[in-house]
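Novice: Got a structure for you, written out below as structure tokens; questions coming shortly.
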Amino acid sequence: MPQYMEQKKYTYPKEEKLKSRNTIDLMFSEGRSVSKYPLRLVYVPLPVTNESPIKVGVSVSKKHFKKAVDRNYFKRLLRETYRHNKHLLLENIPGNYAFMLMYQTKDRLSLEEINTKTIQLFEKFIIQLKQQ
RNA sequence: GCCGCAGGCCGCCUUAUCGCUGCGCUAACGCGCGGAGGAAAGUCCGGACACCAUAGGGCAGCAUAGCGGGUAACGCCCGUCAUUCCGUGAAAGCGGGAGAGGACAAGUGCAACAGAAAGGAUGUACAGGUAAUGCUGUAGUGAAAUCAGGUAAACUCUAUGCGGUGAAAUGCCAUGUAUACCGGCAACUAAGAACUGCCCGUUCAAUGCCGGGGGGUAGGCAGAUAGACCCCUGCAGUAAUGCAGGGGCCAGAUAAAUGAUAAGGGUCCCGCAAGGGAUACAGAAUCCGGCUUACAGGCCUGCUUUUUAU
């Protein structure tokens, strides 16, 4: 295991899960987004509270995968890559944020490919955030 | 042993690392123990459970249809008979399979070929008969020719059953903001209402603050995970199934956990070998009973045929 992996917390606890229907509606109506095909990240700033500074959900469209097993599988992979790369977000956001990570292709990418794309996506997000 | 058919069952395992979720323990860090299916699927039937509706009766609609049994219930399951198919046989019979099967003596519709004619039918020949007439018989075609013809997985009729919605049901708690209403305090006149036509005054209203408070949004809790439950044994029954005794606890999430990765091992396929490949269908969403559909590979039981050995 590389050195850095021991230092960071690769967790995805309940408090970090995006559950509020209203927040999700807000994100899709007023949020901004970045894409790194085939992934897409939608985000919106939240008011600062005592809760977790970050709220994250994942999404795989029924349009791309008809069977529930496939959707579950790719949602798990998205959670996995979020877990391993969430420090990129936590170290760079100025306040509280909500995110939705979306998988937008019918192709069955491997975990390794998705992981690479996720890192690129997060870096792209950070650049966009700094430009504002 | 092989092939085929029928029925039933199972449907990957281990370790490590990083994670998720429920419960228990702990002051805490954490630790321990559980954690998808036979179809979880299609949402096609039947229930349980809720709420709404409901005097009684009828119409419409939908479903079912030999007989007997099982069940909480069913359109499901079991048994059995008519009928029918296949094999065998001279036949009787024997073995195996199918088996939605009430009524055509209410009405309507439909019917290949053959045939004069197939449904308000009746020609020809011969024979018989009458006041008269296909009135009667035979020949001829056909499965069927006035025989109460056939056909209802044809309309239809008969009998029986069925109220609707569906866990986003339903019940409860409730922060913030605004607020019906109630109480207290403060303040005060420019306007309002009443006593009263006017002035003063009083009361109300109005304003601000504080407190109470109903409904109720976000959200939360219950519903919701111990049950027509599972396993074993015995008894009753041809069976479906029932009864008795003993043992067991087996997901409970809610934008939704039950995973990801790596290594090793099973099993099967290809190959002389090294080795390579495959490991299905598929993801709980209130819960049960069925039906239907999907499924790599493997196992078991029974029967038929054939081969070899005894």
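Identifiers in the structure tokens: chain A, B, ... in order shown; residue index from 1 per chain; ligand index from 1 in order shown.
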Write out as a PyMOL selection string every residue belonging to chain A that has an atom at most 10 Å from any atom of chain B, counting only C-alpha atoms (C1' of nucleotides).
Specialist: chain A and resi 1+5+9-14+17-22+24+57-59+67-73+76-77+79-81+83-84+111
Novice: So that I have them on file, write out the residues from the current selection with N, CA, C and O atoms, as a short mmCIF file (atom, residue, chain, number, x, y, z; two decimals), in the first residue's frame.
Specialist:
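Ended up saving to part_11.cif:
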```
data_model
loop_
_atom_site.label_atom_id
_atom_site.label_comp_id
_atom_site.auth_asym_id
_atom_site.auth_seq_id
_atom_site.Cartn_x
_atom_site.Cartn_y
_atom_site.Cartn_z
N MET A 1 0.85 -1.19 0.00
CA MET A 1 0.00 0.00 0.00
C MET A 1 0.89 1.25 0.00
O MET A 1 1.80 1.34 0.81
N MET A 5 -2.01 6.36 1.18
CA MET A 5 -3.26 5.67 1.45
C MET A 5 -3.48 5.47 2.94
O MET A 5 -4.60 5.32 3.40
N LYS A 9 -8.70 8.95 5.02
CA LYS A 9 -9.86 8.15 5.38
C LYS A 9 -10.69 7.86 4.14
O LYS A 9 -11.26 8.76 3.55
N TYR A 10 -10.70 6.60 3.76
CA TYR A 10 -11.48 6.24 2.57
C TYR A 10 -12.86 5.74 2.97
O TYR A 10 -13.19 4.57 2.80
N THR A 11 -13.63 6.62 3.53
CA THR A 11 -14.94 6.20 4.03
C THR A 11 -16.04 6.93 3.28
O THR A 11 -15.82 7.92 2.59
N TYR A 12 -17.25 6.38 3.45
CA TYR A 12 -18.43 7.03 2.89
C TYR A 12 -19.58 6.81 3.88
O TYR A 12 -20.46 5.99 3.66
N PRO A 13 -19.49 7.50 5.03
CA PRO A 13 -20.49 7.26 6.07
C PRO A 13 -21.85 7.85 5.73
O PRO A 13 -22.00 8.59 4.76
N LYS A 14 -22.79 7.52 6.56
CA LYS A 14 -24.18 7.93 6.35
C LYS A 14 -24.34 9.44 6.24
O LYS A 14 -25.16 9.92 5.46
N LYS A 17 -24.03 10.97 2.86
CA LYS A 17 -24.93 10.56 1.79
C LYS A 17 -25.98 11.63 1.53
O LYS A 17 -26.57 12.17 2.46
N LEU A 18 -26.20 11.87 0.29
CA LEU A 18 -27.18 12.85 -0.11
C LEU A 18 -28.55 12.17 -0.10
O LEU A 18 -28.81 11.25 -0.87
N LYS A 19 -29.40 12.63 0.81
CA LYS A 19 -30.69 11.95 0.95
C LYS A 19 -31.88 12.86 0.72
O LYS A 19 -32.97 12.39 0.42
N SER A 20 -31.65 14.17 0.90
CA SER A 20 -32.78 15.09 0.84
C SER A 20 -33.28 15.27 -0.58
O SER A 20 -32.54 15.68 -1.48
N ARG A 21 -34.53 14.96 -0.75
CA ARG A 21 -35.15 15.12 -2.07
C ARG A 21 -35.08 16.58 -2.52
O ARG A 21 -34.82 16.87 -3.69
N ASN A 22 -35.31 17.49 -1.58
CA ASN A 22 -35.31 18.92 -1.92
C ASN A 22 -33.95 19.40 -2.37
O ASN A 22 -33.84 20.19 -3.31
N ILE A 24 -31.70 17.65 -3.80
CA ILE A 24 -31.47 17.10 -5.13
C ILE A 24 -32.21 17.91 -6.19
O ILE A 24 -31.66 18.25 -7.24
N GLY A 57 -24.27 11.96 -3.77
CA GLY A 57 -25.11 10.87 -4.25
C GLY A 57 -24.57 10.36 -5.57
O GLY A 57 -23.79 11.05 -6.23
N VAL A 58 -24.98 9.16 -5.95
CA VAL A 58 -24.56 8.61 -7.23
C VAL A 58 -25.79 8.25 -8.04
O VAL A 58 -26.86 8.03 -7.49
N SER A 59 -25.62 8.20 -9.35
CA SER A 59 -26.77 7.94 -10.20
C SER A 59 -26.36 7.24 -11.48
O SER A 59 -25.37 7.59 -12.12
N LYS A 67 -31.36 -3.28 -16.44
CA LYS A 67 -31.49 -4.20 -15.32
C LYS A 67 -30.96 -3.59 -14.03
O LYS A 67 -29.91 -2.95 -14.02
N ALA A 68 -31.69 -3.85 -12.96
CA ALA A 68 -31.33 -3.29 -11.66
C ALA A 68 -29.96 -3.77 -11.19
O ALA A 68 -29.23 -3.04 -10.53
N VAL A 69 -29.61 -5.00 -11.54
CA VAL A 69 -28.30 -5.53 -11.13
C VAL A 69 -27.18 -4.68 -11.70
O VAL A 69 -26.22 -4.36 -11.00
N ASP A 70 -27.30 -4.31 -12.95
CA ASP A 70 -26.25 -3.51 -13.59
C ASP A 70 -26.17 -2.12 -12.99
O ASP A 70 -25.08 -1.60 -12.74
N ARG A 71 -27.33 -1.53 -12.75
CA ARG A 71 -27.33 -0.19 -12.14
C ARG A 71 -26.69 -0.22 -10.77
O ARG A 71 -25.86 0.63 -10.43
N ASN A 72 -27.04 -1.23 -9.97
CA ASN A 72 -26.45 -1.37 -8.64
C ASN A 72 -24.94 -1.50 -8.73
O ASN A 72 -24.21 -0.88 -7.96
N TYR A 73 -24.48 -2.30 -9.70
CA TYR A 73 -23.05 -2.54 -9.84
C TYR A 73 -22.29 -1.25 -10.12
O TYR A 73 -21.30 -0.94 -9.45
N ARG A 76 -22.17 1.13 -7.24
CA ARG A 76 -21.17 0.71 -6.25
C ARG A 76 -19.77 1.12 -6.68
O ARG A 76 -18.97 1.56 -5.86
N LEU A 77 -19.53 1.00 -7.97
CA LEU A 77 -18.20 1.42 -8.46
C LEU A 77 -18.03 2.92 -8.29
O LEU A 77 -16.96 3.39 -7.93
N ARG A 79 -19.40 4.83 -6.02
CA ARG A 79 -19.16 5.08 -4.60
C ARG A 79 -17.72 4.75 -4.22
O ARG A 79 -17.09 5.45 -3.45
N GLU A 80 -17.24 3.64 -4.83
CA GLU A 80 -15.89 3.19 -4.54
C GLU A 80 -14.86 4.25 -4.97
O GLU A 80 -13.96 4.59 -4.22
N THR A 81 -15.04 4.77 -6.17
CA THR A 81 -14.07 5.76 -6.65
C THR A 81 -14.22 7.08 -5.90
O THR A 81 -13.23 7.76 -5.66
N ARG A 83 -15.00 7.32 -2.78
CA ARG A 83 -14.35 7.04 -1.50
C ARG A 83 -12.84 7.26 -1.60
O ARG A 83 -12.22 7.83 -0.71
N HIS A 84 -12.28 6.77 -2.69
CA HIS A 84 -10.82 6.83 -2.82
C HIS A 84 -10.30 8.20 -3.24
O HIS A 84 -9.12 8.46 -3.12
N LEU A 111 -13.32 -0.75 -13.19
CA LEU A 111 -13.10 0.12 -12.04
C LEU A 111 -11.92 1.05 -12.27
O LEU A 111 -11.96 2.23 -11.95
#
```
Novice: Using DSSP on the backbone, list every residue of chain A that comes out as alpha helix (DSSP H), and give them as a PyMOL selection string.
Specialist: chain A and resi 3-7+21-30+68-90+111-131
Novice: Just want the 12 Å neighbourhood of C81 (chain B), counted on only C-alpha atoms (C1' of nucleotides), with same-chain residues fewer than 6 positions away dropped. Output as a VMD selection string.
Specialist: chain B and resid 66 to 68 99 101
Novice: Pick out the residues sitting within 10 Å of G289 (chain B), and hand them over as an mmCIF file with N, CA, C and O atoms (P, O5', C5', C4', C3', O3' and C1' of nucleotides), in the first residue's frame; count only C-alpha atoms (C1' of nucleotides), and ignore anything fewer than 2 positions along from it in its own chain.
Specialist:
```cif
data_model
loop_
_atom_site.group_PDB
_atom_site.id
_atom_site.type_symbol
_atom_site.label_atom_id
_atom_site.label_comp_id
_atom_site.auth_asym_id
_atom_site.auth_seq_id
_atom_site.Cartn_x
_atom_site.Cartn_y
_atom_site.Cartn_z
ATOM 1 P P G B 46 -58.392 -12.356 -7.989
ATOM 2 O "O5'" G B 46 -58.019 -13.246 -6.742
ATOM 3 C "C5'" G B 46 -58.493 -14.591 -6.657
ATOM 4 C "C4'" G B 46 -57.848 -15.305 -5.505
ATOM 5 C "C3'" G B 46 -57.904 -14.574 -4.171
ATOM 6 O "O3'" G B 46 -59.172 -14.725 -3.571
ATOM 7 C "C1'" G B 46 -55.745 -15.468 -4.502
ATOM 8 P P G B 47 -59.752 -13.517 -2.705
ATOM 9 O "O5'" G B 47 -58.503 -13.159 -1.781
ATOM 10 C "C5'" G B 47 -58.683 -12.764 -0.440
ATOM 11 C "C4'" G B 47 -57.725 -13.508 0.461
ATOM 12 C "C3'" G B 47 -57.254 -12.703 1.659
ATOM 13 O "O3'" G B 47 -58.190 -12.817 2.728
ATOM 14 C "C1'" G B 47 -55.374 -13.626 0.557
ATOM 15 P P U B 71 -57.545 -28.955 4.700
ATOM 16 O "O5'" U B 71 -57.075 -27.494 4.275
ATOM 17 C "C5'" U B 71 -55.683 -27.189 4.195
ATOM 18 C "C4'" U B 71 -55.475 -25.915 3.400
ATOM 19 C "C3'" U B 71 -56.211 -24.700 3.936
ATOM 20 O "O3'" U B 71 -55.436 -24.077 4.945
ATOM 21 C "C1'" U B 71 -56.473 -24.871 1.563
ATOM 22 P P A B 72 -56.159 -23.620 6.296
ATOM 23 O "O5'" A B 72 -56.886 -22.281 5.851
ATOM 24 C "C5'" A B 72 -57.835 -21.643 6.709
ATOM 25 C "C4'" A B 72 -58.242 -20.322 6.107
ATOM 26 C "C3'" A B 72 -58.579 -20.385 4.624
ATOM 27 O "O3'" A B 72 -59.951 -20.659 4.445
ATOM 28 C "C1'" A B 72 -56.981 -18.669 5.005
ATOM 29 P P A B 73 -60.427 -21.627 3.266
ATOM 30 O "O5'" A B 73 -60.195 -20.730 1.971
ATOM 31 C "C5'" A B 73 -60.987 -19.559 1.760
ATOM 32 C "C4'" A B 73 -60.394 -18.728 0.640
ATOM 33 C "C3'" A B 73 -60.247 -19.441 -0.688
ATOM 34 O "O3'" A B 73 -61.457 -19.398 -1.421
ATOM 35 C "C1'" A B 73 -58.231 -18.304 -0.168
ATOM 36 P P C B 74 -61.783 -20.597 -2.446
ATOM 37 O "O5'" C B 74 -60.880 -20.215 -3.701
ATOM 38 C "C5'" C B 74 -61.123 -19.004 -4.409
ATOM 39 C "C4'" C B 74 -59.975 -18.726 -5.343
ATOM 40 C "C3'" C B 74 -59.684 -19.826 -6.355
ATOM 41 O "O3'" C B 74 -60.556 -19.705 -7.460
ATOM 42 C "C1'" C B 74 -57.657 -19.047 -5.391
ATOM 43 P P C B 76 -56.079 -22.835 -12.410
ATOM 44 O "O5'" C B 76 -55.115 -22.907 -11.146
ATOM 45 C "C5'" C B 76 -53.886 -22.176 -11.109
ATOM 46 C "C4'" C B 76 -53.119 -22.528 -9.856
ATOM 47 C "C3'" C B 76 -53.008 -24.025 -9.581
ATOM 48 O "O3'" C B 76 -51.903 -24.563 -10.284
ATOM 49 C "C1'" C B 76 -53.735 -22.932 -7.611
ATOM 50 P P A B 228 -48.534 -15.446 8.374
ATOM 51 O "O5'" A B 228 -49.181 -16.889 8.250
ATOM 52 C "C5'" A B 228 -49.507 -17.619 9.417
ATOM 53 C "C4'" A B 228 -49.968 -19.002 9.028
ATOM 54 C "C3'" A B 228 -48.958 -19.771 8.173
ATOM 55 O "O3'" A B 228 -48.285 -20.713 8.987
ATOM 56 C "C1'" A B 228 -51.004 -19.472 6.976
#
```
Novice: For C1' of U238 (chain B) and C1' of A98 (chain B), determine how far apart the two atoms are, in Å to one decimal place.
Specialist: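 Separation of C1' of U238 (chain B) and C1' of A98 (chain B): 21.7 Å.
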Novice: Please report the interatomic distance between C1' of C9 (chain B) and C1' of U241 (chain B) in Å with one decimal.
Specialist: 21.4 Å
Novice: How far is it from C1' of C300 (chain B) to C1' of G11 (chain B), in Å with one decimal?
Specialist: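 So the two atoms, C1' of C300 (chain B) and C1' of G11 (chain B), lie 14.7 Å apart.
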